[in-house]
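Student: To be precise about what I am sending: the file is called work30.cif and holds mmCIF, C-alpha atoms and all ligand atoms.
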```
data_coords
loop_
_atom_site.label_atom_id
_atom_site.label_comp_id
_atom_site.auth_asym_id
_atom_site.auth_seq_id
_atom_site.Cartn_x
_atom_site.Cartn_y
_atom_site.Cartn_z
CA MET A 19 0.00 0.00 0.00
CA ALA A 20 1.24 3.53 -0.78
CA GLY A 21 2.86 5.45 2.04
CA PRO A 22 1.80 8.79 3.51
CA GLY A 23 2.92 10.99 0.60
CA LEU A 24 5.99 12.97 -0.28
CA VAL A 25 5.61 16.72 -0.09
CA ASP A 26 8.38 18.96 -1.43
CA ALA A 27 9.51 22.40 -0.25
CA HIS A 28 6.97 24.04 -2.57
CA GLY A 29 4.06 22.07 -1.14
CA ARG A 30 3.78 19.76 -4.15
CA THR A 31 2.87 16.14 -3.40
CA VAL A 32 5.08 13.81 -5.38
CA SER A 33 3.30 10.57 -6.24
CA TYR A 34 4.52 9.68 -9.73
CA LEU A 35 7.76 7.91 -10.62
CA ARG A 36 9.12 7.63 -14.16
CA LEU A 37 11.68 4.87 -14.32
CA SER A 38 13.86 4.36 -17.38
CA VAL A 39 14.76 0.69 -17.80
CA THR A 40 17.44 1.19 -20.46
CA ASP A 41 19.36 3.95 -22.25
CA HIS A 42 19.36 1.93 -25.46
CA CYS A 43 16.93 2.86 -28.22
CA ASN A 44 16.43 1.24 -31.60
CA LEU A 45 15.46 4.60 -33.16
CA ARG A 46 17.46 7.81 -33.63
CA CYS A 47 14.73 10.46 -33.61
CA LEU A 48 15.84 13.88 -34.79
CA TYR A 49 14.16 15.62 -31.82
CA CYS A 50 15.61 13.23 -29.25
CA ASP A 51 19.05 11.79 -29.79
CA ARG A 52 20.83 11.80 -33.10
CA ARG A 53 24.32 11.31 -31.68
CA MET A 54 25.98 7.93 -31.47
CA ARG A 55 26.06 7.97 -27.70
CA VAL A 56 28.22 5.83 -25.50
CA ARG A 57 25.79 3.67 -23.59
CA LEU A 58 26.17 2.71 -19.97
CA SER A 59 28.04 -0.53 -19.44
CA HIS A 60 26.04 -3.60 -18.49
CA PHE A 61 27.38 -3.32 -14.93
CA ASP A 62 26.22 0.30 -14.57
CA VAL A 63 22.63 -0.40 -15.61
CA LEU A 64 20.45 -1.37 -12.65
CA ARG A 65 19.33 -4.99 -12.60
CA TYR A 66 15.58 -5.58 -12.65
CA GLU A 67 15.76 -6.78 -9.05
CA GLU A 68 17.41 -3.48 -8.05
CA MET A 69 14.70 -1.55 -9.89
CA LEU A 70 12.04 -3.52 -8.01
CA GLY A 71 13.77 -2.45 -4.78
CA LEU A 72 13.63 1.21 -5.81
CA ILE A 73 9.99 0.96 -6.84
CA GLY A 74 9.18 -0.62 -3.47
CA LEU A 75 10.93 2.20 -1.72
CA GLY A 76 8.99 4.71 -3.80
CA VAL A 77 5.71 2.98 -2.97
CA ASP A 78 6.58 3.08 0.74
CA MET A 79 7.21 6.81 0.34
CA GLY A 80 3.87 7.53 -1.35
CA ILE A 81 4.39 6.83 -5.06
CA HIS A 82 1.22 5.37 -6.54
CA LYS A 83 1.81 5.80 -10.25
CA LEU A 84 4.73 4.28 -12.14
CA ARG A 85 5.72 4.82 -15.76
CA LEU A 86 8.31 2.53 -17.32
CA THR A 87 10.19 4.20 -20.14
CA GLY A 88 13.61 4.26 -21.83
CA GLY A 89 15.58 4.53 -24.20
CA GLU A 90 13.20 2.04 -25.69
CA PRO A 91 11.91 -0.20 -22.89
CA PHE A 92 11.09 -3.12 -25.22
CA ALA A 93 14.72 -3.09 -26.40
CA ARG A 94 15.78 -4.41 -22.97
CA ARG A 95 15.78 -8.19 -22.63
CA ASP A 96 12.69 -9.64 -20.92
CA PHE A 97 11.07 -6.26 -20.38
CA VAL A 98 7.61 -7.86 -20.40
CA GLY A 99 8.74 -10.28 -17.67
CA PHE A 100 9.81 -7.25 -15.64
CA VAL A 101 6.40 -5.62 -16.15
CA GLU A 102 4.79 -8.79 -14.84
CA ALA A 103 7.13 -8.82 -11.85
CA VAL A 104 6.25 -5.19 -11.04
CA ARG A 105 2.55 -5.96 -11.23
CA ALA A 106 2.90 -9.09 -9.10
CA ARG A 107 4.83 -7.26 -6.39
CA PHE A 108 2.84 -4.00 -6.46
CA PRO A 109 -0.72 -4.95 -7.42
CA ARG A 110 -2.20 -1.53 -6.53
CA LEU A 111 0.25 0.60 -8.48
CA THR A 112 -1.04 2.43 -11.55
CA LEU A 113 1.30 1.02 -14.17
CA ARG A 114 1.94 2.75 -17.51
CA LEU A 115 4.47 2.44 -20.32
CA THR A 116 6.01 4.89 -22.78
CA THR A 117 7.33 3.30 -25.95
CA ASN A 118 7.96 3.87 -29.64
CA ALA A 119 5.92 0.64 -30.11
CA THR A 120 8.14 -0.72 -32.89
CA LEU A 121 8.68 -3.93 -30.87
CA LEU A 122 5.41 -3.99 -28.94
CA ALA A 123 2.79 -5.76 -31.12
CA PRO A 124 3.59 -9.39 -30.10
CA HIS A 125 3.36 -8.47 -26.40
CA ALA A 126 0.09 -6.52 -26.28
CA LYS A 127 -2.02 -9.35 -24.91
CA ARG A 128 0.52 -10.25 -22.21
CA LEU A 129 0.75 -6.60 -21.14
CA ALA A 130 -3.00 -6.37 -20.81
CA GLU A 131 -3.05 -9.60 -18.80
CA ALA A 132 -0.31 -8.17 -16.57
CA GLY A 133 -2.64 -5.28 -15.74
CA VAL A 134 -0.83 -2.47 -17.54
CA ASP A 135 -3.26 0.42 -17.34
CA ARG A 136 -2.28 2.22 -20.51
CA VAL A 137 0.43 2.59 -23.11
CA ASN A 138 1.76 5.90 -24.41
CA ILE A 139 3.02 5.47 -27.95
CA SER A 140 5.35 8.04 -29.49
CA LEU A 141 4.35 8.54 -33.11
CA ASP A 142 5.06 11.83 -34.87
CA THR A 143 3.78 11.12 -38.34
CA LEU A 144 1.29 8.94 -40.20
CA ASP A 145 3.47 8.87 -43.30
CA ARG A 146 5.91 5.99 -43.73
CA ALA A 147 8.61 8.00 -45.52
CA THR A 148 8.45 10.81 -42.96
CA PHE A 149 8.64 8.23 -40.16
CA ALA A 150 11.85 6.85 -41.65
CA ARG A 151 13.27 10.37 -41.97
CA VAL A 152 12.38 11.34 -38.37
CA THR A 153 13.44 8.11 -36.69
CA GLY A 154 16.13 6.75 -39.01
CA GLN A 155 14.22 3.43 -39.35
CA ASP A 156 11.51 2.21 -41.73
CA LEU A 157 9.29 0.77 -39.00
CA TYR A 158 6.02 2.67 -39.39
CA PRO A 159 3.97 -0.47 -40.22
CA GLU A 160 5.15 -2.10 -36.96
CA VAL A 161 3.84 0.86 -34.95
CA ARG A 162 0.46 0.76 -36.67
CA ARG A 163 0.28 -2.99 -35.97
CA ALA A 164 1.09 -2.30 -32.32
CA ILE A 165 -1.66 0.31 -32.01
CA ASP A 166 -4.21 -2.17 -33.39
CA ALA A 167 -2.86 -4.94 -31.14
CA CYS A 168 -3.13 -2.72 -28.04
CA LEU A 169 -6.70 -1.69 -28.84
CA ASP A 170 -7.66 -5.32 -29.58
CA ALA A 171 -6.15 -6.38 -26.24
CA GLY A 172 -8.17 -3.71 -24.43
CA LEU A 173 -5.20 -1.53 -23.50
CA GLY A 174 -5.72 2.22 -23.27
CA VAL A 175 -3.67 4.04 -25.91
CA LYS A 176 -2.32 7.58 -26.02
CA ILE A 177 -0.36 8.69 -29.05
CA ASN A 178 2.20 11.41 -28.41
CA ALA A 179 3.51 13.41 -31.37
CA VAL A 180 6.28 15.98 -31.04
CA ALA A 181 4.93 19.01 -32.93
CA MET A 182 7.45 20.23 -35.49
CA HIS A 183 7.11 22.84 -38.19
CA GLY A 184 8.41 21.50 -41.46
CA VAL A 185 7.94 17.90 -40.33
CA ASN A 186 4.36 17.16 -39.25
CA ASP A 187 2.54 20.51 -39.25
CA HIS A 188 0.57 19.39 -42.32
CA GLU A 189 -0.59 16.18 -40.64
CA LEU A 190 -3.25 17.52 -38.26
CA PRO A 191 -6.13 16.30 -40.46
CA GLY A 192 -4.75 12.74 -40.42
CA PHE A 193 -4.14 12.69 -36.67
CA LEU A 194 -7.56 14.20 -35.91
CA ASP A 195 -9.17 11.64 -38.18
CA LEU A 196 -7.35 8.85 -36.32
CA ALA A 197 -8.71 10.11 -32.99
CA ARG A 198 -12.15 10.47 -34.52
CA ARG A 199 -12.22 6.88 -35.78
CA LEU A 200 -10.41 5.07 -32.94
CA PRO A 201 -10.90 5.14 -29.16
CA LEU A 202 -7.51 6.68 -28.37
CA ASP A 203 -6.00 10.03 -27.42
CA VAL A 204 -3.76 11.95 -29.79
CA ARG A 205 -1.63 14.56 -28.06
CA PHE A 206 0.82 17.02 -29.57
CA ILE A 207 3.84 17.94 -27.41
CA GLU A 208 5.75 21.18 -27.92
CA TYR A 209 9.27 20.51 -29.21
CA MET A 210 11.77 21.20 -26.42
CA PRO A 211 15.46 22.07 -26.92
CA MET A 212 16.95 18.99 -25.29
CA GLY A 213 20.58 17.90 -25.44
CA GLY A 214 21.30 15.66 -28.43
CA SER A 215 18.40 17.00 -30.53
CA ASP A 216 18.51 18.92 -33.83
CA TRP A 217 16.24 21.61 -32.27
CA LYS A 218 15.88 24.95 -34.07
CA PRO A 219 13.57 27.73 -32.80
CA GLU A 220 11.75 28.02 -36.12
CA GLN A 221 10.68 24.36 -35.82
CA VAL A 222 8.67 24.99 -32.65
CA TRP A 223 4.97 24.71 -33.44
CA ARG A 224 3.26 26.36 -30.49
CA ALA A 225 0.23 24.81 -28.81
CA GLY A 226 -1.91 27.92 -29.43
CA ASP A 227 -1.30 27.66 -33.17
CA ILE A 228 -1.96 23.91 -33.19
CA LEU A 229 -5.24 24.43 -31.38
CA ALA A 230 -6.36 27.14 -33.80
CA ALA A 231 -5.51 24.91 -36.77
CA ALA A 232 -7.34 21.96 -35.19
CA ARG A 233 -10.44 24.05 -34.45
CA ALA A 234 -10.58 25.01 -38.11
CA LEU A 235 -10.87 21.31 -38.96
CA VAL A 236 -13.14 19.79 -36.28
CA GLY A 237 -15.39 20.76 -33.39
CA LEU A 238 -13.44 20.57 -30.13
CA ALA A 239 -14.86 20.88 -26.60
CA GLU A 240 -12.30 21.46 -23.84
CA LEU A 241 -12.53 18.90 -21.03
CA PRO A 242 -12.08 19.85 -17.38
CA ARG A 243 -8.46 19.65 -16.16
CA ASP A 244 -9.26 16.95 -13.64
CA ASP A 245 -10.91 14.84 -16.32
CA ALA A 246 -9.84 11.20 -16.66
CA ASP A 247 -6.27 11.40 -15.69
CA ALA A 248 -5.05 13.82 -18.34
CA GLY A 249 -1.80 14.66 -16.51
CA PRO A 250 -0.34 17.91 -17.76
CA ALA A 251 -2.24 17.74 -21.06
CA ARG A 252 -5.11 20.01 -22.02
CA MET A 253 -7.68 17.62 -23.47
CA TYR A 254 -10.53 18.14 -25.94
CA ALA A 255 -13.45 15.96 -26.99
CA ILE A 256 -13.74 15.72 -30.77
CA GLU A 257 -17.22 16.28 -32.14
CA GLY A 258 -18.57 12.92 -33.31
CA GLY A 259 -15.30 11.21 -32.41
CA ARG A 260 -14.43 8.13 -30.37
CA GLY A 261 -11.06 9.44 -29.16
CA ARG A 262 -9.78 12.77 -27.84
CA PHE A 263 -7.28 15.40 -28.85
CA GLY A 264 -4.77 17.04 -26.51
CA LEU A 265 -1.87 19.43 -26.15
CA ILE A 266 1.15 19.25 -23.86
CA THR A 267 2.73 22.64 -23.43
CA PRO A 268 6.10 22.53 -21.64
CA LEU A 269 7.18 25.74 -23.43
CA SER A 270 4.13 27.98 -23.74
CA GLU A 271 2.37 27.06 -20.50
CA HIS A 272 4.42 25.19 -17.95
CA PHE A 273 2.88 22.91 -15.36
CA CYS A 274 5.57 23.18 -12.68
CA GLY A 275 3.13 24.29 -9.97
CA THR A 276 1.47 20.89 -10.00
CA CYS A 277 4.50 18.77 -10.92
CA ASN A 278 4.21 15.47 -9.04
CA ARG A 279 7.11 13.61 -10.71
CA LEU A 280 10.40 12.06 -9.93
CA ARG A 281 12.57 10.42 -12.59
CA ILE A 282 15.13 7.67 -12.18
CA THR A 283 17.43 6.73 -15.04
CA CYS A 284 18.46 3.16 -15.79
CA GLY A 285 21.80 3.88 -14.15
CA GLY A 286 20.10 4.89 -10.91
CA GLU A 287 20.35 8.68 -11.23
CA LEU A 288 17.46 10.48 -9.56
CA ARG A 289 16.28 13.61 -11.35
CA THR A 290 13.68 15.79 -9.67
CA CYS A 291 13.01 18.21 -12.54
CA LEU A 292 13.14 17.83 -16.32
CA PHE A 293 14.55 21.35 -16.62
CA SER A 294 17.43 20.83 -14.16
CA ASP A 295 20.48 18.71 -14.93
CA ARG A 296 21.09 18.17 -11.23
CA THR A 297 20.94 14.47 -10.49
CA TYR A 298 21.43 12.37 -7.36
CA ARG A 299 23.33 9.09 -7.65
CA LEU A 300 21.38 6.30 -5.99
CA ARG A 301 23.36 3.37 -7.37
CA PRO A 302 26.43 3.56 -5.09
CA ALA A 303 24.25 3.57 -1.97
CA LEU A 304 21.93 0.93 -3.39
CA ARG A 305 24.83 -1.43 -4.09
CA HIS A 306 26.77 -0.66 -0.92
CA GLU A 307 26.73 -3.70 1.34
CA ARG A 308 25.97 -1.71 4.51
CA LEU A 309 24.08 1.34 3.18
CA GLY A 310 21.42 -0.10 0.87
CA LEU A 311 17.81 1.03 0.68
CA PRO A 312 17.72 3.07 3.95
CA ALA A 313 20.49 5.33 2.58
CA VAL A 314 18.70 5.57 -0.77
CA THR A 315 15.58 6.70 1.11
CA ARG A 316 17.58 9.47 2.79
CA ILE A 317 19.00 10.66 -0.55
CA MET A 318 15.54 10.65 -2.12
CA ARG A 319 14.03 12.67 0.72
CA LEU A 320 16.87 15.21 0.53
CA ALA A 321 16.56 15.46 -3.25
CA LEU A 322 12.83 15.98 -2.95
CA LEU A 323 13.29 18.89 -0.56
CA ARG A 324 15.45 20.48 -3.25
CA LYS A 325 13.06 19.78 -6.12
CA PRO A 326 13.13 23.06 -8.05
CA VAL A 327 10.43 24.92 -9.95
CA GLY A 328 11.64 24.24 -13.47
CA ALA A 329 10.04 27.29 -15.04
CA GLU A 330 12.10 29.53 -12.74
CA LEU A 331 15.26 27.76 -13.89
CA LEU A 332 14.31 28.23 -17.52
CA ALA A 333 13.51 31.91 -17.03
CA ALA A 334 16.87 32.50 -15.35
CA ARG A 335 18.76 30.90 -18.25
CA ARG A 336 19.91 32.80 -21.30
CA SER A 337 17.33 32.63 -24.06
CA GLY A 338 18.19 30.06 -26.70
CA SER A 339 19.97 27.76 -24.29
CA GLY A 340 18.46 24.32 -23.95
CA VAL A 341 15.97 22.88 -21.53
CA SER A 342 18.50 20.22 -20.57
CA ARG A 343 22.00 19.15 -21.55
CA MET A 344 20.92 15.54 -21.37
CA ALA A 345 19.01 13.84 -24.20
CA MET A 346 15.48 12.63 -23.58
CA SER A 347 16.64 9.12 -24.42
CA SER A 348 18.78 9.19 -21.27
CA ILE A 349 16.16 10.84 -19.09
CA GLY A 350 13.17 8.83 -20.27
CA GLY A 351 10.90 11.68 -21.44
N1 LIG B 401 11.51 5.26 -26.61
C1 LIG B 401 10.31 5.60 -25.90
C2 LIG B 401 9.39 6.42 -26.76
O1 LIG B 401 9.74 6.69 -27.90
O2 LIG B 401 8.31 6.75 -26.30
C3 LIG B 401 10.52 6.26 -24.54
C4 LIG B 401 11.54 7.33 -24.43
S1 LIG B 401 11.23 8.81 -25.32
C5 LIG B 401 12.65 9.73 -24.86
C6 LIG B 401 9.94 9.55 -24.35
C7 LIG B 401 9.22 10.73 -24.94
O3 LIG B 401 10.06 11.85 -25.03
C8 LIG B 401 8.65 10.50 -26.30
O4 LIG B 401 7.26 10.67 -26.24
C9 LIG B 401 9.26 11.59 -27.13
O5 LIG B 401 8.37 11.99 -28.09
C10 LIG B 401 9.59 12.63 -26.10
N2 LIG B 401 10.63 13.57 -26.51
C11 LIG B 401 11.91 13.27 -26.82
N3 LIG B 401 12.60 14.38 -27.16
C12 LIG B 401 11.72 15.42 -27.09
C13 LIG B 401 11.82 16.83 -27.32
N4 LIG B 401 12.97 17.39 -27.73
N5 LIG B 401 10.73 17.60 -27.13
C14 LIG B 401 9.56 17.03 -26.72
N6 LIG B 401 9.40 15.71 -26.49
C15 LIG B 401 10.46 14.91 -26.67
#
```
With the file now loaded, output its structure as structure tokens.
Ligand code: SAM
Tutor:
Amino acid sequence: MAGPGLVDAHGRTVSYLRLSVTDHCNLRCLYCDRRMRVRLSHFDVLRYEEMLGLIGLGVDMGIHKLRLTGGEPFARRDFVGFVEAVRARFPRLTLRLTTNATLLAPHAKRLAEAGVDRVNISLDTLDRATFARVTGQDLYPEVRRAIDACLDAGLGVKINAVAMHGVNDHELPGFLDLARRLPLDVRFIEYMPMGGSDWKPEQVWRAGDILAAARALVGLAELPRDDADAGPARMYAIEGGRGRFGLITPLSEHFCGTCNRLRITCGGELRTCLFSDRTYRLRPALRHERLGLPAVTRIMRLALLRKPVGAELLAARRSGSGVSRMAMSSIGG
């Protein structure tokens, strides 16, 4: 059962952990990580058993929602077995995944049986050639198969597209049509200047402009913020549609005041804010024969007290400098 709740120095209750299970990804998305990075060595990546220990500690501290991400989580060996182990050990945890879905289709049924609540699928285009250009791999059909497999298995599906001028700004009609026909959410995320990306200011397609363009195409009714677990997204019902449309606005309208997240990388680095490169190393304490989980708890509590308000960090930085030096593939999104 979840513990009493973690409250930071700004009065925010932290209840959501994003855990990256690997820094390896089978795609090289232009907005994420185009460099040939040196990956962590096998020894430096936390074993699944160690990750279960950290999740348990989080649950004891008040975490009740867990997102498993990467790199590409399905690129790690026996990821589905790990999902099942998480569910078996923490039956009450809300369990979600973020994936590019290129390797997911054969596992959809098993994930549903394991009680995964929902899958977030990153898909920036509905055009096969553009997909290959954005990701470096011709795997669009695999993603479409995975979406169908998830829906058939009864998994909730959210599609996240990074909004980029010159790449997918002509694809709103297709994405809106997808959310009209299928019972899934399509959400556009503003393109952030992360380390490792090819970000250019003129590529940023702002949420306000996306919304205006979408309204010109379909009837949209804004849903209340506390509606069905929308997280930081602003969500809209689509007139006559089965799915919903949404916008995630890290640049034009930050959501730091209600940020409830902690992130842990696959190497055991705790990150309390997407916009701060300050991390806390949990692995040495975790693997220390005398320190172990009690010391990790102390580090996590200390880190939480120092959890910053990211928007203040961004405002204090010179304009044009990035959101983070680290690539999203290392942080986990
Ligand atoms: N490989 C998995 C996937 O593709 O979903 C998980 C990791 S990926 C880093 C997590 C999320 O970060 C994806 O939804 C991706 O679209 C998002 N992301 C990566 N770089 C971004 C950027 N520069 N701006 C906005 N979102 C970004």
Student: Under the rule that all atoms listed in the file are counted, which of A:Pro159, A:Gly285, A:Pro268, A:Gly184 is the nearest residue to Pro211 of chain A?
Tutor: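 Answer, going by the shortest atom-to-atom distance: A:Pro268.
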Student: Let me make sure I understand: among A:Tyr66, A:Phe193, A:Phe206, A:Tyr34, which one has the smallest atom-to-atom distance to ligand LIG 401 (chain B) if we use only C-alpha atoms and all ligand atoms?
Tutor: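 Once distances to ligand LIG 401 (chain B) are computed over only C-alpha atoms and all ligand atoms, the minimum belongs to A:Phe206.
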Student: Which one of A:Gly133, A:Gly259, A:Gly80, A:Gly214 sits closest to ligand LIG 401 (chain B) if you count only C-alpha atoms and all ligand atoms?
Tutor: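 Nearest to ligand LIG 401 (chain B): A:Gly214.
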Student: May I have the residues within 6 Å of ligand LIG 401 (chain B), computed using all atoms listed in the file, as a list in words?
Tutor: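 Those residues are Tyr49, Cys50, Thr87, Gly88, Gly89, Glu90, Thr116, Thr117, Asn118, Ile139, Ser140, Asn178, Val180, Ile207, Glu208, Tyr209, Met210, Pro211, Met212, Met346, Ser347, Gly350 and Gly351 of chain A.
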Student: Would you mind listing what lies within 12 Å of Pro124 of chain A as a ChimeraX atom specification, with only C-alpha atoms counted and same-chain residues fewer than 5 positions away left out?
Tutor: /A:92,98,119,129-130,160-161,163-168,170-171
Student: Let me make sure I understand: among A:Leu48, A:Leu84, A:Ala321, A:Ala225, which one has the smallest atom-to-atom distance to Arg299 of chain A if we use all atoms listed in the file?
Tutor: A:Ala321
Student: Need to verify the contact set: Gly261 of chain A, 6 Å, all atoms listed in the file, exclusion of same-chain residues closer than 3 positions in sequence. Can you return it as a list in words?
Tutor: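 The residues satisfying every condition are Ala197, Arg198, Leu200, Pro201, Leu202 and Asp203 of chain A.
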Student: I'd like to know which of A:Arg289, A:Arg324, A:His183, A:His306 is closest to Met344 of chain A, using all atoms listed in the file.
Tutor: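 With all atoms listed in the file as the atom set, the closest residue is A:Arg289.
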Student: Nearest to Leu235 of chain A among A:Ile349, A:Thr31, A:Ala333, A:Glu189, with distances taken over only C-alpha atoms: which residue is it?
Tutor: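 Checking each candidate against Leu235 of chain A, we get A:Glu189 as the closest.
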Student: In Å, how far is it from atom CA of Arg243 of chain A to atom CA of Leu141 of chain A?
Tutor: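 Atom CA of Arg243 of chain A sits 24.0 Å away from atom CA of Leu141 of chain A.
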Student: Mind checking which residues fall within 12 Å of Glu271 of chain A, counting only C-alpha atoms, ignoring those fewer than 5 positions away in the same chain, and posting them as an MDAnalysis selection string?
Tutor: chainID A and resid 207:208 224:226 250:252 265:266 328:329
Student: Write out as an MDAnalysis selection string the residues lying within 12 Å of segment 100-110 of chain A, counting all atoms listed in the file and excluding same-chain residues fewer than 4 positions away.
Tutor: chainID A and resid 19:20 37 39 65:78 81:87 91:92 94:96 114:115 125:126 128:135
Student: Store the residues picked out above, limited to C-alpha atoms, as a PDB file, in the coordinates of the input.
Tutor:
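Below is the file selection19.pdb, written as the result:
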```
ATOM      1  CA  MET A  19       0.000   0.000   0.000  1.00  0.00           C
ATOM      2  CA  ALA A  20       1.240   3.530  -0.780  1.00  0.00           C
ATOM      3  CA  LEU A  37      11.680   4.870 -14.320  1.00  0.00           C
ATOM      4  CA  VAL A  39      14.760   0.690 -17.800  1.00  0.00           C
ATOM      5  CA  ARG A  65      19.330  -4.990 -12.600  1.00  0.00           C
ATOM      6  CA  TYR A  66      15.580  -5.580 -12.650  1.00  0.00           C
ATOM      7  CA  GLU A  67      15.760  -6.780  -9.050  1.00  0.00           C
ATOM      8  CA  GLU A  68      17.410  -3.480  -8.050  1.00  0.00           C
ATOM      9  CA  MET A  69      14.700  -1.550  -9.890  1.00  0.00           C
ATOM     10  CA  LEU A  70      12.040  -3.520  -8.010  1.00  0.00           C
ATOM     11  CA  GLY A  71      13.770  -2.450  -4.780  1.00  0.00           C
ATOM     12  CA  LEU A  72      13.630   1.210  -5.810  1.00  0.00           C
ATOM     13  CA  ILE A  73       9.990   0.960  -6.840  1.00  0.00           C
ATOM     14  CA  GLY A  74       9.180  -0.620  -3.470  1.00  0.00           C
ATOM     15  CA  LEU A  75      10.930   2.200  -1.720  1.00  0.00           C
ATOM     16  CA  GLY A  76       8.990   4.710  -3.800  1.00  0.00           C
ATOM     17  CA  VAL A  77       5.710   2.980  -2.970  1.00  0.00           C
ATOM     18  CA  ASP A  78       6.580   3.080   0.740  1.00  0.00           C
ATOM     19  CA  ILE A  81       4.390   6.830  -5.060  1.00  0.00           C
ATOM     20  CA  HIS A  82       1.220   5.370  -6.540  1.00  0.00           C
ATOM     21  CA  LYS A  83       1.810   5.800 -10.250  1.00  0.00           C
ATOM     22  CA  LEU A  84       4.730   4.280 -12.140  1.00  0.00           C
ATOM     23  CA  ARG A  85       5.720   4.820 -15.760  1.00  0.00           C
ATOM     24  CA  LEU A  86       8.310   2.530 -17.320  1.00  0.00           C
ATOM     25  CA  THR A  87      10.190   4.200 -20.140  1.00  0.00           C
ATOM     26  CA  PRO A  91      11.910  -0.200 -22.890  1.00  0.00           C
ATOM     27  CA  PHE A  92      11.090  -3.120 -25.220  1.00  0.00           C
ATOM     28  CA  ARG A  94      15.780  -4.410 -22.970  1.00  0.00           C
ATOM     29  CA  ARG A  95      15.780  -8.190 -22.630  1.00  0.00           C
ATOM     30  CA  ASP A  96      12.690  -9.640 -20.920  1.00  0.00           C
ATOM     31  CA  ARG A 114       1.940   2.750 -17.510  1.00  0.00           C
ATOM     32  CA  LEU A 115       4.470   2.440 -20.320  1.00  0.00           C
ATOM     33  CA  HIS A 125       3.360  -8.470 -26.400  1.00  0.00           C
ATOM     34  CA  ALA A 126       0.090  -6.520 -26.280  1.00  0.00           C
ATOM     35  CA  ARG A 128       0.520 -10.250 -22.210  1.00  0.00           C
ATOM     36  CA  LEU A 129       0.750  -6.600 -21.140  1.00  0.00           C
ATOM     37  CA  ALA A 130      -3.000  -6.370 -20.810  1.00  0.00           C
ATOM     38  CA  GLU A 131      -3.050  -9.600 -18.800  1.00  0.00           C
ATOM     39  CA  ALA A 132      -0.310  -8.170 -16.570  1.00  0.00           C
ATOM     40  CA  GLY A 133      -2.640  -5.280 -15.740  1.00  0.00           C
ATOM     41  CA  VAL A 134      -0.830  -2.470 -17.540  1.00  0.00           C
ATOM     42  CA  ASP A 135      -3.260   0.420 -17.340  1.00  0.00           C
TER      43      ASP A 135
END
```
Student: What is the distance, in Å and to one decimal place, between atom CA of Leu269 of chain A and atom CA of Ala181 of chain A?
Tutor: 11.9 Å
Student: How many Å separate atom CA of Val56 of chain A from atom CA of Gly213 of chain A?
Tutor: 14.3 Å
Student: Could you list as an NGL selection string every residue that has an atom within 12 Å of (27.9, 3.2, -22.2), using the file's coordinates and counting all atoms listed in the file?
Tutor: :A and (40-42 or 54-63 or 284-285 or 348)
Student: Could you add whatever atoms are missing so that segment 231-242 of chain A carries N, CA and C atoms, then write the result as a PDB file, keeping the file's coordinate frame?
Tutor:
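File written: result-v3.pdb
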```
ATOM      1  N   ALA A 231      -5.444  25.692 -35.521  1.00  0.00           N
ATOM      2  CA  ALA A 231      -5.510  24.910 -36.770  1.00  0.00           C
ATOM      3  C   ALA A 231      -6.467  23.730 -36.605  1.00  0.00           C
ATOM      4  N   ALA A 232      -6.459  23.105 -35.418  1.00  0.00           N
ATOM      5  CA  ALA A 232      -7.340  21.960 -35.190  1.00  0.00           C
ATOM      6  C   ALA A 232      -8.803  22.402 -35.168  1.00  0.00           C
ATOM      7  N   ARG A 233      -9.051  23.555 -34.537  1.00  0.00           N
ATOM      8  CA  ARG A 233     -10.440  24.050 -34.450  1.00  0.00           C
ATOM      9  C   ARG A 233     -11.001  24.374 -35.830  1.00  0.00           C
ATOM     10  N   ALA A 234     -10.108  24.721 -36.748  1.00  0.00           N
ATOM     11  CA  ALA A 234     -10.580  25.010 -38.110  1.00  0.00           C
ATOM     12  C   ALA A 234     -11.000  23.723 -38.830  1.00  0.00           C
ATOM     13  N   LEU A 235     -10.593  22.584 -38.287  1.00  0.00           N
ATOM     14  CA  LEU A 235     -10.870  21.310 -38.960  1.00  0.00           C
ATOM     15  C   LEU A 235     -12.018  20.526 -38.326  1.00  0.00           C
ATOM     16  N   VAL A 236     -12.111  20.572 -36.982  1.00  0.00           N
ATOM     17  CA  VAL A 236     -13.140  19.790 -36.280  1.00  0.00           C
ATOM     18  C   VAL A 236     -13.691  20.590 -35.096  1.00  0.00           C
ATOM     19  N   GLY A 237     -14.857  20.160 -34.610  1.00  0.00           N
ATOM     20  CA  GLY A 237     -15.390  20.760 -33.390  1.00  0.00           C
ATOM     21  C   GLY A 237     -14.664  20.170 -32.187  1.00  0.00           C
ATOM     22  N   LEU A 238     -14.157  21.046 -31.305  1.00  0.00           N
ATOM     23  CA  LEU A 238     -13.440  20.570 -30.130  1.00  0.00           C
ATOM     24  C   LEU A 238     -14.070  21.181 -28.886  1.00  0.00           C
ATOM     25  N   ALA A 239     -14.316  20.364 -27.867  1.00  0.00           N
ATOM     26  CA  ALA A 239     -14.860  20.880 -26.600  1.00  0.00           C
ATOM     27  C   ALA A 239     -13.829  20.588 -25.502  1.00  0.00           C
ATOM     28  N   GLU A 240     -13.334  21.659 -24.864  1.00  0.00           N
ATOM     29  CA  GLU A 240     -12.300  21.460 -23.840  1.00  0.00           C
ATOM     30  C   GLU A 240     -12.881  20.676 -22.660  1.00  0.00           C
ATOM     31  N   LEU A 241     -12.105  19.720 -22.166  1.00  0.00           N
ATOM     32  CA  LEU A 241     -12.530  18.900 -21.030  1.00  0.00           C
ATOM     33  C   LEU A 241     -11.935  19.485 -19.752  1.00  0.00           C
ATOM     34  N   PRO A 242     -12.622  19.311 -18.629  1.00  0.00           N
ATOM     35  CA  PRO A 242     -12.080  19.850 -17.380  1.00  0.00           C
ATOM     36  C   PRO A 242     -10.712  19.265 -17.085  1.00  0.00           C
TER      37      PRO A 242
END
```
